[in-house]
file data.cif (mmCIF, C-alpha atoms (C1' of nucleotides))
data_model
loop_
_atom_site.label_atom_id
_atom_site.label_comp_id
_atom_site.auth_asym_id
_atom_site.auth_seq_id
_atom_site.Cartn_x
_atom_site.Cartn_y
_atom_site.Cartn_z
CA MET A 652 0.00 0.00 0.00
CA PRO A 653 2.66 2.54 0.89
CA ARG A 654 5.26 3.82 -1.44
CA PRO A 655 8.41 1.72 -0.98
CA LYS A 656 11.82 3.19 -0.25
CA ALA A 657 13.92 3.72 -3.34
CA PHE A 658 17.16 2.77 -1.56
CA ASP A 659 18.68 0.01 0.51
CA GLU A 660 18.73 0.97 4.15
CA GLU A 661 21.78 -1.12 5.05
CA GLN A 662 23.71 0.30 2.14
CA ALA A 663 22.91 3.83 3.24
CA LEU A 664 23.86 2.99 6.80
CA ASP A 665 27.13 1.63 5.53
CA ALA A 666 27.93 4.85 3.69
CA ALA A 667 27.08 6.88 6.77
CA MET A 668 29.26 4.64 8.91
CA ARG A 669 32.23 5.18 6.61
CA THR A 670 31.73 8.93 6.70
CA PHE A 671 31.62 9.08 10.49
CA TRP A 672 34.58 6.74 10.55
CA ALA A 673 36.69 8.92 8.30
CA ASN A 674 35.70 12.35 9.57
CA GLY A 675 34.37 11.94 13.08
CA TYR A 676 30.98 12.88 14.46
CA GLU A 677 31.26 16.65 14.74
CA ALA A 678 33.02 17.18 11.45
CA THR A 679 30.38 15.21 9.56
CA SER A 680 27.49 17.43 8.53
CA THR A 681 24.07 16.17 7.58
CA GLU A 682 24.81 17.35 4.07
CA ASP A 683 27.93 15.18 4.06
CA LEU A 684 25.69 12.29 4.98
CA CYS A 685 23.33 13.13 2.13
CA ARG A 686 26.20 13.17 -0.33
CA ALA A 687 27.73 9.96 1.01
CA THR A 688 24.47 8.04 1.02
CA GLY A 689 23.06 9.63 -2.11
CA LEU A 690 19.85 10.36 -0.23
CA GLY A 691 17.94 13.57 0.30
CA ARG A 692 17.55 15.11 3.73
CA SER A 693 13.97 13.95 3.98
CA SER A 694 14.86 10.34 3.34
CA ILE A 695 17.61 10.42 5.92
CA TYR A 696 15.50 12.02 8.62
CA ASN A 697 12.51 9.89 7.71
CA THR A 698 14.59 6.73 8.05
CA PHE A 699 17.08 7.53 10.79
CA THR A 700 15.34 10.25 12.85
CA SER A 701 18.38 12.41 13.56
CA LYS A 702 22.10 12.71 13.03
CA HIS A 703 22.77 11.39 16.49
CA GLU A 704 20.47 8.42 16.05
CA LEU A 705 22.08 7.65 12.71
CA PHE A 706 25.48 7.81 14.33
CA LYS A 707 24.46 5.33 17.01
CA ARG A 708 23.16 2.93 14.38
CA ALA A 709 26.37 3.36 12.37
CA LEU A 710 28.42 2.69 15.48
CA VAL A 711 26.43 -0.43 16.30
CA ARG A 712 26.83 -1.61 12.74
CA TYR A 713 30.55 -1.01 12.91
CA THR A 714 31.02 -2.92 16.13
CA ASN A 715 28.86 -5.77 14.87
CA LEU A 716 30.83 -6.06 11.64
CA MET A 717 34.27 -5.70 13.15
CA THR A 718 33.97 -7.40 16.47
CA THR A 719 31.98 -10.31 15.14
CA SER A 720 34.62 -11.14 12.58
CA GLN A 721 37.40 -10.66 15.10
CA LEU A 722 35.72 -12.84 17.70
CA ALA A 723 35.34 -15.52 15.08
CA LEU A 724 39.13 -15.57 14.78
CA LEU A 725 39.56 -15.74 18.53
CA GLU A 726 37.04 -18.55 18.93
CA ASP A 727 38.36 -20.73 16.13
CA GLU A 728 39.02 -23.92 18.05
CA THR A 729 40.88 -25.49 15.16
CA ARG A 730 43.81 -23.23 15.96
CA SER A 731 46.02 -22.84 18.99
CA ALA A 732 45.58 -19.87 21.31
CA LYS A 733 48.80 -18.29 20.16
CA ASP A 734 47.85 -18.69 16.52
CA ARG A 735 44.45 -17.14 17.16
CA LEU A 736 46.06 -14.07 18.68
CA HIS A 737 48.39 -13.80 15.70
CA ASP A 738 45.42 -14.16 13.38
CA LEU A 739 43.68 -11.34 15.18
CA PHE A 740 46.60 -8.97 14.83
CA ASP A 741 47.11 -9.99 11.22
CA ALA A 742 43.50 -9.16 10.51
CA ILE A 743 43.79 -5.81 12.26
CA ILE A 744 46.88 -4.92 10.26
CA ALA A 745 45.26 -6.09 7.04
CA GLY A 746 42.32 -3.85 7.85
CA GLU A 747 44.61 -0.92 8.48
CA GLU A 748 46.32 -1.58 5.17
CA GLU A 749 42.97 -1.61 3.42
CA ASN A 750 41.63 1.58 4.91
CA ARG A 751 44.18 4.23 4.13
CA ARG A 752 43.78 7.71 2.76
CA ASP A 753 46.73 9.97 2.08
CA ASP A 754 49.13 7.49 3.70
CA ARG A 755 47.18 7.51 6.94
CA GLY A 756 44.87 4.98 8.53
CA LEU A 757 41.25 5.82 9.31
CA GLY A 758 41.78 4.28 12.70
CA CYS A 759 38.93 2.45 14.33
CA LEU A 760 35.49 3.95 14.79
CA THR A 761 35.25 2.76 18.38
CA VAL A 762 38.63 4.26 19.27
CA ASN A 763 37.74 7.46 17.45
CA THR A 764 34.41 7.61 19.24
CA THR A 765 36.03 6.99 22.61
CA VAL A 766 38.40 9.88 22.03
CA GLU A 767 35.91 12.29 20.51
CA LEU A 768 32.67 11.55 22.32
CA ALA A 769 32.97 9.24 25.33
CA ALA A 770 33.31 12.12 27.77
CA ARG A 771 30.13 13.90 26.72
CA ASP A 772 27.92 11.33 24.98
CA ARG A 773 26.74 8.73 27.44
CA GLU A 774 25.01 6.58 24.86
CA ALA A 775 28.03 6.43 22.61
CA ALA A 776 30.22 5.68 25.61
CA GLU A 777 28.00 2.79 26.60
CA LEU A 778 28.00 1.33 23.11
CA VAL A 779 31.77 1.31 22.88
CA ALA A 780 32.09 0.02 26.46
CA ARG A 781 29.82 -2.90 25.66
CA ASP A 782 31.80 -3.70 22.52
CA GLN A 783 35.06 -3.44 24.40
CA GLN A 784 33.81 -5.85 27.04
CA ARG A 785 32.98 -8.44 24.41
CA ARG A 786 36.45 -8.17 23.00
CA LEU A 787 38.10 -8.27 26.41
CA ASP A 788 36.16 -11.39 27.36
CA ALA A 789 37.17 -13.19 24.20
CA LEU A 790 40.80 -12.14 24.60
CA THR A 791 40.83 -13.23 28.22
CA THR A 792 39.46 -16.65 27.32
CA VAL A 793 42.01 -17.22 24.58
CA ILE A 794 44.89 -16.08 26.76
CA GLY A 795 43.70 -18.41 29.52
CA ILE A 796 43.69 -21.29 27.07
CA GLY A 797 47.18 -20.40 25.92
CA GLN A 798 48.43 -20.36 29.49
CA ARG A 799 46.79 -23.68 30.28
CA ASP A 800 48.39 -25.20 27.19
CA GLY A 801 51.77 -23.79 28.14
CA GLU A 802 51.89 -21.82 24.91
CA LEU A 803 51.93 -18.46 26.68
CA THR A 804 54.54 -18.17 29.37
CA SER A 805 53.68 -14.87 31.04
CA GLY A 806 52.35 -15.60 34.50
CA ARG A 807 50.12 -12.55 34.52
CA ASP A 808 46.37 -12.57 34.97
CA PRO A 809 44.71 -13.30 31.60
CA ALA A 810 42.28 -10.41 32.08
CA GLU A 811 45.19 -8.05 32.62
CA LEU A 812 46.95 -9.31 29.55
CA ALA A 813 43.73 -8.90 27.59
CA ARG A 814 43.53 -5.25 28.61
CA PHE A 815 47.15 -4.89 27.66
CA LEU A 816 46.54 -6.28 24.17
CA ASN A 817 43.47 -4.14 23.82
CA ALA A 818 45.46 -1.05 24.67
CA VAL A 819 48.13 -2.03 22.15
CA ILE A 820 45.46 -2.40 19.49
CA ALA A 821 44.12 1.07 20.26
CA GLY A 822 47.68 2.38 20.18
CA MET A 823 48.27 0.79 16.80
CA ARG A 824 45.15 2.48 15.50
CA VAL A 825 46.34 5.84 16.71
CA ALA A 826 49.80 5.19 15.30
CA GLY A 827 48.24 4.33 11.94
CA GLN A 828 46.29 7.58 11.97
CA GLY A 829 49.52 9.37 12.78
CA GLY A 830 51.08 7.99 9.63
CA ALA A 831 52.86 4.84 10.81
CA ASP A 832 53.37 2.41 7.96
CA ILE A 833 52.42 -1.25 7.89
CA PRO A 834 55.82 -2.69 8.87
CA THR A 835 55.83 -0.43 11.90
CA LEU A 836 52.41 -1.63 12.95
CA ARG A 837 53.56 -5.18 12.43
CA ALA A 838 56.58 -4.64 14.65
CA ILE A 839 54.39 -3.19 17.40
CA ALA A 840 52.07 -6.17 17.17
CA ASN A 841 54.93 -8.67 17.29
CA THR A 842 56.46 -6.99 20.29
CA ALA A 843 53.16 -7.11 22.11
CA LEU A 844 52.56 -10.75 21.28
CA ASP A 845 56.04 -11.67 22.41
CA ALA A 846 55.21 -10.20 25.80
CA LEU A 847 52.77 -13.03 26.42
CA MET B 71 52.11 54.45 24.39
CA PRO B 72 49.60 51.78 23.64
CA ARG B 73 47.00 50.52 25.98
CA PRO B 74 48.32 47.37 27.68
CA LYS B 75 46.46 44.08 27.70
CA ALA B 76 44.37 43.55 30.80
CA PHE B 77 45.13 39.83 30.91
CA ASP B 78 48.04 37.44 30.93
CA GLU B 79 48.46 35.88 27.50
CA GLU B 80 49.98 32.63 28.75
CA GLN B 81 47.23 32.19 31.26
CA ALA B 82 44.60 32.64 28.56
CA LEU B 83 46.47 30.22 26.31
CA ASP B 84 46.48 27.73 29.11
CA ALA B 85 42.73 27.96 29.58
CA ALA B 86 42.21 27.54 25.84
CA MET B 87 44.54 24.54 25.82
CA ARG B 88 42.55 22.86 28.57
CA THR B 89 39.30 23.47 26.73
CA PHE B 90 40.55 21.96 23.47
CA TRP B 91 42.04 19.14 25.46
CA ALA B 92 38.78 18.31 27.20
CA ASN B 93 36.35 18.84 24.33
CA GLY B 94 38.29 18.55 21.10
CA TYR B 95 38.70 21.08 18.34
CA GLU B 96 35.35 20.92 16.59
CA ALA B 97 33.27 20.75 19.75
CA THR B 98 34.96 23.83 21.18
CA SER B 99 33.22 27.01 20.07
CA THR B 100 34.78 30.44 20.16
CA GLU B 101 32.27 31.29 22.85
CA ASP B 102 33.52 28.35 24.89
CA LEU B 103 36.97 29.85 24.54
CA CYS B 104 35.71 33.23 25.70
CA ARG B 105 34.12 31.67 28.76
CA ALA B 106 37.18 29.55 29.56
CA THR B 107 39.65 32.40 29.19
CA GLY B 108 37.39 35.09 30.60
CA LEU B 109 38.13 37.23 27.57
CA GLY B 110 35.87 38.92 25.07
CA ARG B 111 35.82 37.89 21.44
CA SER B 112 37.78 40.94 20.41
CA SER B 113 40.60 40.21 22.81
CA ILE B 114 40.84 36.64 21.63
CA TYR B 115 40.85 37.50 17.95
CA ASN B 116 43.13 40.46 18.51
CA THR B 117 45.64 38.27 20.33
CA PHE B 118 45.33 34.90 18.61
CA THR B 119 44.04 35.77 15.12
CA SER B 120 41.65 32.85 14.71
CA LYS B 121 40.32 29.74 16.37
CA HIS B 122 42.62 27.58 14.29
CA GLU B 123 45.67 29.67 15.10
CA LEU B 124 44.78 29.59 18.77
CA PHE B 125 44.45 25.84 18.58
CA LYS B 126 47.89 25.50 17.05
CA ARG B 127 49.39 27.63 19.77
CA ALA B 128 47.58 25.61 22.42
CA LEU B 129 48.86 22.41 20.86
CA VAL B 130 52.41 23.69 20.78
CA ARG B 131 52.11 24.77 24.38
CA TYR B 132 50.79 21.37 25.34
CA THR B 133 53.59 19.49 23.63
CA ASN B 134 56.18 21.80 25.10
CA LEU B 135 54.85 21.37 28.62
CA MET B 136 54.30 17.64 28.45
CA THR B 137 57.12 16.43 26.30
CA THR B 138 59.72 18.63 27.92
CA SER B 139 58.94 17.28 31.36
CA GLN B 140 58.80 13.72 30.07
CA LEU B 141 62.08 14.03 28.21
CA ALA B 142 63.65 15.33 31.40
CA LEU B 143 62.76 12.03 33.04
CA LEU B 144 64.17 10.04 30.14
CA GLU B 145 67.39 12.00 30.07
CA ASP B 146 68.07 11.88 33.80
CA GLU B 147 71.51 10.30 33.79
CA THR B 148 71.49 9.76 37.54
CA ARG B 149 69.08 6.90 36.99
CA SER B 150 69.32 3.64 35.11
CA ALA B 151 67.57 3.21 31.78
CA LYS B 152 65.00 0.89 33.24
CA ASP B 153 64.26 3.25 36.09
CA ARG B 154 63.85 6.13 33.65
CA LEU B 155 61.26 4.19 31.70
CA HIS B 156 59.42 3.36 34.89
CA ASP B 157 59.57 7.00 35.89
CA LEU B 158 58.04 7.98 32.58
CA PHE B 159 55.12 5.61 32.92
CA ASP B 160 54.63 6.62 36.54
CA ALA B 161 54.42 10.23 35.47
CA ILE B 162 51.96 9.41 32.70
CA ILE B 163 49.74 7.51 35.10
CA ALA B 164 49.98 10.27 37.69
CA GLY B 165 48.90 12.71 34.99
CA GLU B 166 45.96 10.53 34.08
CA GLU B 167 44.98 10.36 37.72
CA GLU B 168 45.15 14.12 37.97
CA ASN B 169 43.08 14.88 34.91
CA ARG B 170 39.83 13.07 35.37
CA ARG B 171 36.27 14.17 34.89
CA ASP B 172 33.32 11.90 35.56
CA ASP B 173 35.63 8.92 36.14
CA ARG B 174 37.22 9.31 32.73
CA GLY B 175 40.58 10.58 31.64
CA LEU B 176 40.93 13.57 29.33
CA GLY B 177 43.44 11.58 27.34
CA CYS B 178 46.32 13.38 25.73
CA LEU B 179 45.89 16.37 23.47
CA THR B 180 48.32 15.00 20.89
CA VAL B 181 46.54 11.65 20.76
CA ASN B 182 43.17 13.39 20.60
CA THR B 183 44.44 15.65 17.83
CA THR B 184 45.87 12.74 15.89
CA VAL B 185 42.51 11.00 16.01
CA GLU B 186 40.35 14.02 15.35
CA LEU B 187 42.39 16.16 12.99
CA ALA B 188 45.51 14.49 11.57
CA ALA B 189 43.71 13.30 8.45
CA ARG B 190 42.44 16.71 7.41
CA ASP B 191 44.61 19.32 9.15
CA ARG B 192 48.12 19.21 7.78
CA GLU B 193 49.53 21.74 10.20
CA ALA B 194 48.15 19.94 13.23
CA ALA B 195 49.43 16.65 11.84
CA GLU B 196 52.90 18.10 11.44
CA LEU B 197 52.97 19.50 14.95
CA VAL B 198 52.05 16.17 16.51
CA ALA B 199 54.45 14.31 14.21
CA ARG B 200 57.31 16.53 15.28
CA ASP B 201 56.46 16.03 18.93
CA GLN B 202 56.18 12.30 18.45
CA GLN B 203 59.58 12.18 16.82
CA ARG B 204 61.15 13.90 19.79
CA ARG B 205 59.62 11.38 22.12
CA LEU B 206 60.59 8.44 19.92
CA ASP B 207 64.18 9.63 19.74
CA ALA B 208 64.45 9.95 23.50
CA LEU B 209 62.85 6.56 24.05
CA THR B 210 65.14 4.95 21.50
CA THR B 211 68.19 6.37 23.20
CA VAL B 212 67.16 5.18 26.64
CA ILE B 213 66.28 1.73 25.39
CA GLY B 214 69.64 1.52 23.66
CA ILE B 215 71.36 2.41 26.90
CA GLY B 216 69.36 -0.21 28.75
CA GLN B 217 70.34 -2.84 26.23
CA ARG B 218 74.00 -1.88 26.37
CA ASP B 219 73.89 -2.10 30.15
CA GLY B 220 72.23 -5.48 29.99
CA GLU B 221 69.24 -4.12 31.88
CA LEU B 222 66.83 -4.73 29.03
CA THR B 223 66.97 -8.20 27.59
CA SER B 224 64.78 -7.98 24.51
CA GLY B 225 67.00 -8.24 21.47
CA ARG B 226 64.74 -6.08 19.36
CA ASP B 227 65.76 -2.89 17.64
CA PRO B 228 65.55 0.01 20.13
CA ALA B 229 63.64 2.15 17.63
CA GLU B 230 61.05 -0.59 17.24
CA LEU B 231 60.70 -0.94 20.98
CA ALA B 232 60.34 2.82 21.25
CA ARG B 233 57.45 2.76 18.80
CA PHE B 234 55.96 -0.08 20.77
CA LEU B 235 56.10 1.86 24.01
CA ASN B 236 54.71 4.91 22.29
CA ALA B 237 51.77 2.90 21.00
CA VAL B 238 51.16 1.50 24.46
CA ILE B 239 51.12 5.02 25.86
CA ALA B 240 48.56 6.09 23.29
CA GLY B 241 46.55 2.97 24.07
CA MET B 242 46.63 3.79 27.77
CA ARG B 243 45.32 7.25 27.01
CA VAL B 244 42.46 5.84 25.01
CA ALA B 245 41.76 3.28 27.73
CA GLY B 246 41.67 6.05 30.30
CA GLN B 247 39.18 7.99 28.20
CA GLY B 248 37.13 4.81 27.93
CA GLY B 249 36.90 4.66 31.70
CA ALA B 250 39.77 2.38 32.70
CA ASP B 251 40.83 2.99 36.28
CA ILE B 252 44.32 3.69 37.53
CA PRO B 253 45.23 0.12 38.58
CA THR B 254 44.27 -1.05 35.10
CA LEU B 255 46.50 1.54 33.50
CA ARG B 256 49.29 0.54 35.84
CA ALA B 257 48.92 -3.10 34.86
CA ILE B 258 49.09 -2.22 31.19
CA ALA B 259 52.23 -0.18 31.79
CA ASN B 260 53.90 -2.95 33.78
CA THR B 261 53.12 -5.51 31.12
CA ALA B 262 54.61 -3.30 28.47
CA LEU B 263 57.74 -2.60 30.48
CA ASP B 264 58.21 -6.30 31.19
CA ALA B 265 58.30 -6.88 27.45
CA LEU B 266 61.63 -5.09 27.26
"C1'" DC C 1009 -8.02 3.06 -12.28
"C1'" DA C 1010 -8.58 5.48 -8.07
"C1'" DC C 1011 -7.46 5.52 -3.21
"C1'" DG C 1012 -4.55 5.56 0.91
"C1'" DT C 1013 -0.05 5.73 2.42
"C1'" DT C 1014 4.65 6.73 2.32
"C1'" DT C 1015 8.62 8.62 0.23
"C1'" DT C 1016 10.88 12.31 -1.80
"C1'" DG C 1017 12.67 16.95 -3.12
"C1'" DG C 1018 13.19 21.62 -2.11
"C1'" DA C 1019 12.41 25.47 0.46
"C1'" DC C 1020 12.98 27.27 4.74
"C1'" DA C 1021 13.12 27.94 9.94
"C1'" DG C 1022 15.79 28.89 14.00
"C1'" DA C 1023 20.05 28.54 16.07
"C1'" DT C 1024 24.82 28.78 16.14
"C1'" DC C 1025 29.11 29.02 13.84
"C1'" DG C 1026 33.66 31.79 13.13
"C1'" DA C 1027 34.94 36.25 12.22
"C1'" DT C 1028 34.60 41.45 11.65
"C1'" DA C 1029 33.36 46.51 12.29
"C1'" DC C 1030 33.42 50.24 14.99
"C1'" DA C 1031 33.32 53.28 18.62
"C1'" DA C 1032 34.43 53.94 23.42
"C1'" DA C 1033 37.76 53.16 27.02
"C1'" DA C 1034 42.35 53.04 28.64
"C1'" DT C 1035 47.13 53.91 28.94
"C1'" DA C 1036 52.29 55.58 28.31
"C1'" DG C 1037 54.88 59.19 26.53
"C1'" DG C 1038 55.41 64.02 25.18
"C1'" DC D 321 46.74 67.19 30.04
"C1'" DC D 322 46.78 65.86 25.46
"C1'" DT D 323 47.75 62.71 21.81
"C1'" DA D 324 48.81 58.43 19.55
"C1'" DT D 325 47.97 53.73 19.90
"C1'" DT D 326 45.99 49.62 21.36
"C1'" DT D 327 42.50 47.04 23.74
"C1'" DT D 328 37.92 46.03 24.70
"C1'" DG D 329 32.69 45.42 24.47
"C1'" DT D 330 28.86 45.22 21.57
"C1'" DA D 331 26.49 44.62 17.60
"C1'" DT D 332 26.40 42.25 13.68
"C1'" DC D 333 27.85 39.90 9.43
"C1'" DG D 334 27.32 35.96 6.20
"C1'" DA D 335 27.77 31.16 6.27
"C1'" DT D 336 26.49 26.90 7.86
"C1'" DC D 337 24.38 23.90 11.13
"C1'" DT D 338 20.45 20.46 12.32
"C1'" DG D 339 15.94 19.71 11.68
"C1'" DT D 340 11.03 20.66 9.83
"C1'" DC D 341 7.27 21.59 6.56
"C1'" DC D 342 4.65 20.74 2.72
"C1'" DA D 343 3.23 19.58 -1.67
"C1'" DA D 344 4.06 16.45 -5.37
"C1'" DA D 345 5.42 11.94 -6.88
"C1'" DA D 346 5.20 6.95 -6.55
"C1'" DC D 347 3.73 2.71 -5.24
"C1'" DG D 348 0.54 -1.56 -3.55
"C1'" DT D 349 -4.10 -2.67 -3.16
"C1'" DG D 350 -9.12 -2.88 -3.64
#

call {"tool": "encode", "arguments": {"input": "data.cif", "output": "C-alpha cells"}}
result
Amino acid sequence: MPRPKAFDEEQALDAAMRTFWANGYEATSTEDLCRATGLGRSSIYNTFTSKHELFKRALVRYTNLMTTSQLALLEDETRSAKDRLHDLFDAIIAGEEENRRDDRGLGCLTVNTTVELAARDREAAELVARDQQRRLDALTTVIGIGQRDGELTSGRDPAELARFLNAVIAGMRVAGQGGADIPTLRAIANTALDAL
Amino acid sequence: MPRPKAFDEEQALDAAMRTFWANGYEATSTEDLCRATGLGRSSIYNTFTSKHELFKRALVRYTNLMTTSQLALLEDETRSAKDRLHDLFDAIIAGEEENRRDDRGLGCLTVNTTVELAARDREAAELVARDQQRRLDALTTVIGIGQRDGELTSGRDPAELARFLNAVIAGMRVAGQGGADIPTLRAIANTALDAL
DNA sequence: CACGTTTTGGACAGATCGATACAAAATAGG
DNA sequence: CCTATTTTGTATCGATCTGTCCAAAACGTG
C-alpha cells in the first residue's frame, strides 16, 4: 500500500558509517551524509530520525561487523591460542592496510568515538564500552587457554593481559592515523605478542 | 604608548589549551573559549588571530609542557635506563589520575588531535608528528642504553621498541578515556615494560 | 483506475558558527 | 593634560548547522 523506499537501508547505513569513521561525528554534517548516502535530507531524517540516532546505528553496525569477525578468529578452536592471537593482529593490520587515505589509517570507529565523544555522549560511551567488554572477554578466554596449554609463558592474569593487548590495538590504531606504515604496525604487534 | 592588555596571555592560552584538550577542536566554540579564558571575542581574535591559530598555539604549548617534562625524566643520567622508563610511565599515570572528569581521563591532546584532525589538518598533523619524533628519539636512546647495560633483555631494535612503548602510551590514554581505572593503566604499563 | 499511504525533493526555519566593524575606554609618553 | 595607539565590548555579518514543513510523486491494493 505505501510507497516503498527507493534505496537500501543497510547500504545507506554503511555509507554513513564510513563517513563518520573517516571524519568523526562533529566534522560530519548532515549534508555530508546526504552526499555519502546519495539520499535527500527527507529520506535520511525519515529513516534515521536524527544525526545522532544515525550515528548510534552506524556505530552499532561497525562494532557488529568488526567485532563479530574478530571474535570468530579468537574462537576458532581449530587453531592454537597463540595462533588465534596472531590471526587477530594480522586481521587488524590487514584492515589498516585496506583503509588508508593519504598514507594515513582511518583508525577504528570505536577508538575514534572513545576519544571524541565518550566524555560527553553517554550513549556512545555505553555502546563502545559494551563492545570493548565483548572483546576483552574473548581475549581473556584465549589467553587463559594459551596459558593452560603452556603456549603463553607470562604468568600474569589473563584479564590483565587482555587489557594490555586491547590497549596495544588502540595504540596501533592511533599510530596508523599518525602515519605509521604497515611494517611499523607489524613490529608493534609482534612486540606485544612476544610479551605473552 | 599603547594601551596594555588587561590579561596574561599565557594564562589565557592555558585555559584555551585545557578546553581543546577536554572537548576537542570541533566541539569547542569560540564562545567556549571566551568563557574559559574570561576574555571577550575581540581580545581573543586580537591576540590569537583565529580559532585555528589559537588551537595550534595551544597544541604547541601542550607538547612543550608535556614532552619537555617527560624528556627530562628520560634524560636523567642519575638513573638507570629501566628506572627512567618506569619514571616515565609513573608520570603518565599520575597525569591521568590528575586529569579526570566523571571517572574518565581527558586523554592526551596530541593523541586526541591525531585522532580528530591528523587526516584533514596538515599543520596539526605536522605538529604532533614533530612532537612524536622527539619522544621516539628519546625513548630509543634510553632503550639503547638499557640494552647496552644489559638491563633490558629484549633483542629487538631500540627504535622498534620505542614505537611499541609509544603505541602503548597512546593505548593507555584511550583506555583512560574509555573509563579504565588507575590500577588497570598501571597493569598495562607494567606488562609493556616487562616486554623489554 | 482510483485511493490511501509513504517517500521524496526543495524550500525554509531557528540557532549557532567563526569572524569582523566600529566606537568607546584606557594607557604611556610628550 | 593631550595625543597616539591599542585594547575592549557590543552589535552584527554571512555562512552553515540540524531539523522541519509541505506539496508532489510513486507505489501496492481494492

call {"tool": "residues_around", "arguments": {"input": "data.cif", "residues": "Asp264 of chain B", "least_positions_apart": "2", "cutoff": "12 Å", "atoms": "all atoms listed in the file", "output": "list in words"}}
result
Ser805, Gly806, Arg807, Leu812, Phe815, Thr842, Ala843, Asp845, Ala846 and Leu847 of chain A; Lys152, Leu155, His156, Glu221, Leu222, Thr223, Ser224, Leu231, Leu235, Ala257, Ile258, Ala259, Asn260, Thr261, Ala262 and Leu266 of chain B

call {"tool": "resolve_selection", "arguments": {"input": "data.cif", "expression": "the PyMOL selection byres ((chain D) within 8 of (chain B))", "output": "PyMOL selection string"}}
result
chain D and resi 324-329

call {"tool": "residues_around", "arguments": {"input": "data.cif", "residues": "Asp727 of chain A", "least_positions_apart": "6", "cutoff": "10 Å", "atoms": "all atoms listed in the file", "output": "number ranges by chain"}}
result
A: 734-735, 793

call {"tool": "interface_residues", "arguments": {"input": "data.cif", "of": "chain C", "to": "chain A", "cutoff": "10 Å", "atoms": "all atoms listed in the file", "output": "list in words"}}
result
DC1011, DG1012, DT1013, DT1014, DT1015, DT1016, DG1017 and DG1018 of chain C

call {"tool": "resolve_selection", "arguments": {"input": "data.cif", "expression": "the PyMOL selection byres ((chain B) within 7 of (chain A))", "output": "list in words"}}
result
Gly94, Glu96, Ala97, Arg174, Asn182, Thr184, Val185, Glu186, Ala188, Ala189, Glu230, Arg233, Phe234, Ala237, Val238, Ala240, Gly241, Met242, Val244, Ala245, Gln247, Gly248, Ala257, Ile258, Thr261 and Ala265 of chain B

call {"tool": "atom_distance", "arguments": {"input": "data.cif", "atom1": "atom CA of Phe740 of chain A", "atom2": "atom CA of Leu760 of chain A"}}
result
17.0 Å

call {"tool": "resolve_selection", "arguments": {"input": "data.cif", "expression": "the PyMOL selection byres ((chain C and resi 1023) around 10)", "output": "NGL selection string"}}
result
(:C and (1021-1022 or 1024-1025)) or (:D and (337-338))

call {"tool": "axis_aligned_box", "arguments": {"input": "data.cif", "around": "segment 331-346 of chain D", "padding_each_side": "6 Å", "output": "lines of an AutoDock Vina configuration file"}}
result
center_x = 15.5
center_y = 25.8
center_z = 5.4
size_x = 36.6
size_y = 49.7
size_z = 36.5

call {"tool": "atom_distance", "arguments": {"input": "data.cif", "atom1": "atom CA of His122 of chain B", "atom2": "atom CA of Arg170 of chain B"}}
result
25.7 Å

call {"tool": "residues_around", "arguments": {"input": "data.cif", "residues": "Gln140 of chain B", "least_positions_apart": "6", "cutoff": "10 Å", "atoms": "all atoms listed in the file", "output": "PDB file with C-alpha atoms, in the coordinates of the input"}}
result
ATOM      1  CA  ASN B 134      56.180  21.800  25.100  1.00  0.00           C
ATOM      2  CA  ARG B 154      63.850   6.130  33.650  1.00  0.00           C
ATOM      3  CA  LEU B 155      61.260   4.190  31.700  1.00  0.00           C
ATOM      4  CA  ASP B 157      59.570   7.000  35.890  1.00  0.00           C
ATOM      5  CA  LEU B 158      58.040   7.980  32.580  1.00  0.00           C
ATOM      6  CA  PHE B 159      55.120   5.610  32.920  1.00  0.00           C
ATOM      7  CA  ALA B 161      54.420  10.230  35.470  1.00  0.00           C
ATOM      8  CA  ILE B 162      51.960   9.410  32.700  1.00  0.00           C
ATOM      9  CA  ARG B 205      59.620  11.380  22.120  1.00  0.00           C
ATOM     10  CA  ALA B 208      64.450   9.950  23.500  1.00  0.00           C
TER      11      ALA B 208
END

call {"tool": "atom_distance", "arguments": {"input": "data.cif", "atom1": "atom CA of Leu143 of chain B", "atom2": "atom CA of Asn169 of chain B"}}
result
20.0 Å

call {"tool": "closest_residue", "arguments": {"input": "data.cif", "among": "B:Ile114, B:Ala82, B:Ala164, B:Met87", "to": "Leu135 of chain B", "atoms": "all atoms listed in the file"}}
result
B:Met87

call {"tool": "residues_around", "arguments": {"input": "data.cif", "residues": "DA331 of chain D", "least_positions_apart": "6", "cutoff": "12 Å", "atoms": "only C-alpha atoms (C1' of nucleotides)", "output": "number ranges by chain"}}
result
C: 1028-1031

call {"tool": "decode", "arguments": {"input": "data.cif", "residues": "segment 206-225 of chain B", "atoms": "C-alpha atoms", "output": "PDB file, in the first residue's frame"}}
result
ATOM      1  CA  LEU B 206      60.591   8.445  19.922  1.00  0.00           C
ATOM      2  CA  ASP B 207      64.177   9.633  19.741  1.00  0.00           C
ATOM      3  CA  ALA B 208      64.455   9.948  23.499  1.00  0.00           C
ATOM      4  CA  LEU B 209      62.846   6.561  24.049  1.00  0.00           C
ATOM      5  CA  THR B 210      65.137   4.949  21.505  1.00  0.00           C
ATOM      6  CA  THR B 211      68.189   6.372  23.203  1.00  0.00           C
ATOM      7  CA  VAL B 212      67.156   5.184  26.641  1.00  0.00           C
ATOM      8  CA  ILE B 213      66.277   1.729  25.387  1.00  0.00           C
ATOM      9  CA  GLY B 214      69.640   1.520  23.655  1.00  0.00           C
ATOM     10  CA  ILE B 215      71.358   2.408  26.900  1.00  0.00           C
ATOM     11  CA  GLY B 216      69.358  -0.209  28.751  1.00  0.00           C
ATOM     12  CA  GLN B 217      70.339  -2.841  26.232  1.00  0.00           C
ATOM     13  CA  ARG B 218      73.996  -1.882  26.372  1.00  0.00           C
ATOM     14  CA  ASP B 219      73.891  -2.101  30.155  1.00  0.00           C
ATOM     15  CA  GLY B 220      72.229  -5.478  29.994  1.00  0.00           C
ATOM     16  CA  GLU B 221      69.243  -4.121  31.883  1.00  0.00           C
ATOM     17  CA  LEU B 222      66.830  -4.730  29.029  1.00  0.00           C
ATOM     18  CA  THR B 223      66.974  -8.201  27.591  1.00  0.00           C
ATOM     19  CA  SER B 224      64.784  -7.978  24.507  1.00  0.00           C
ATOM     20  CA  GLY B 225      67.000  -8.240  21.475  1.00  0.00           C
TER      21      GLY B 225
END
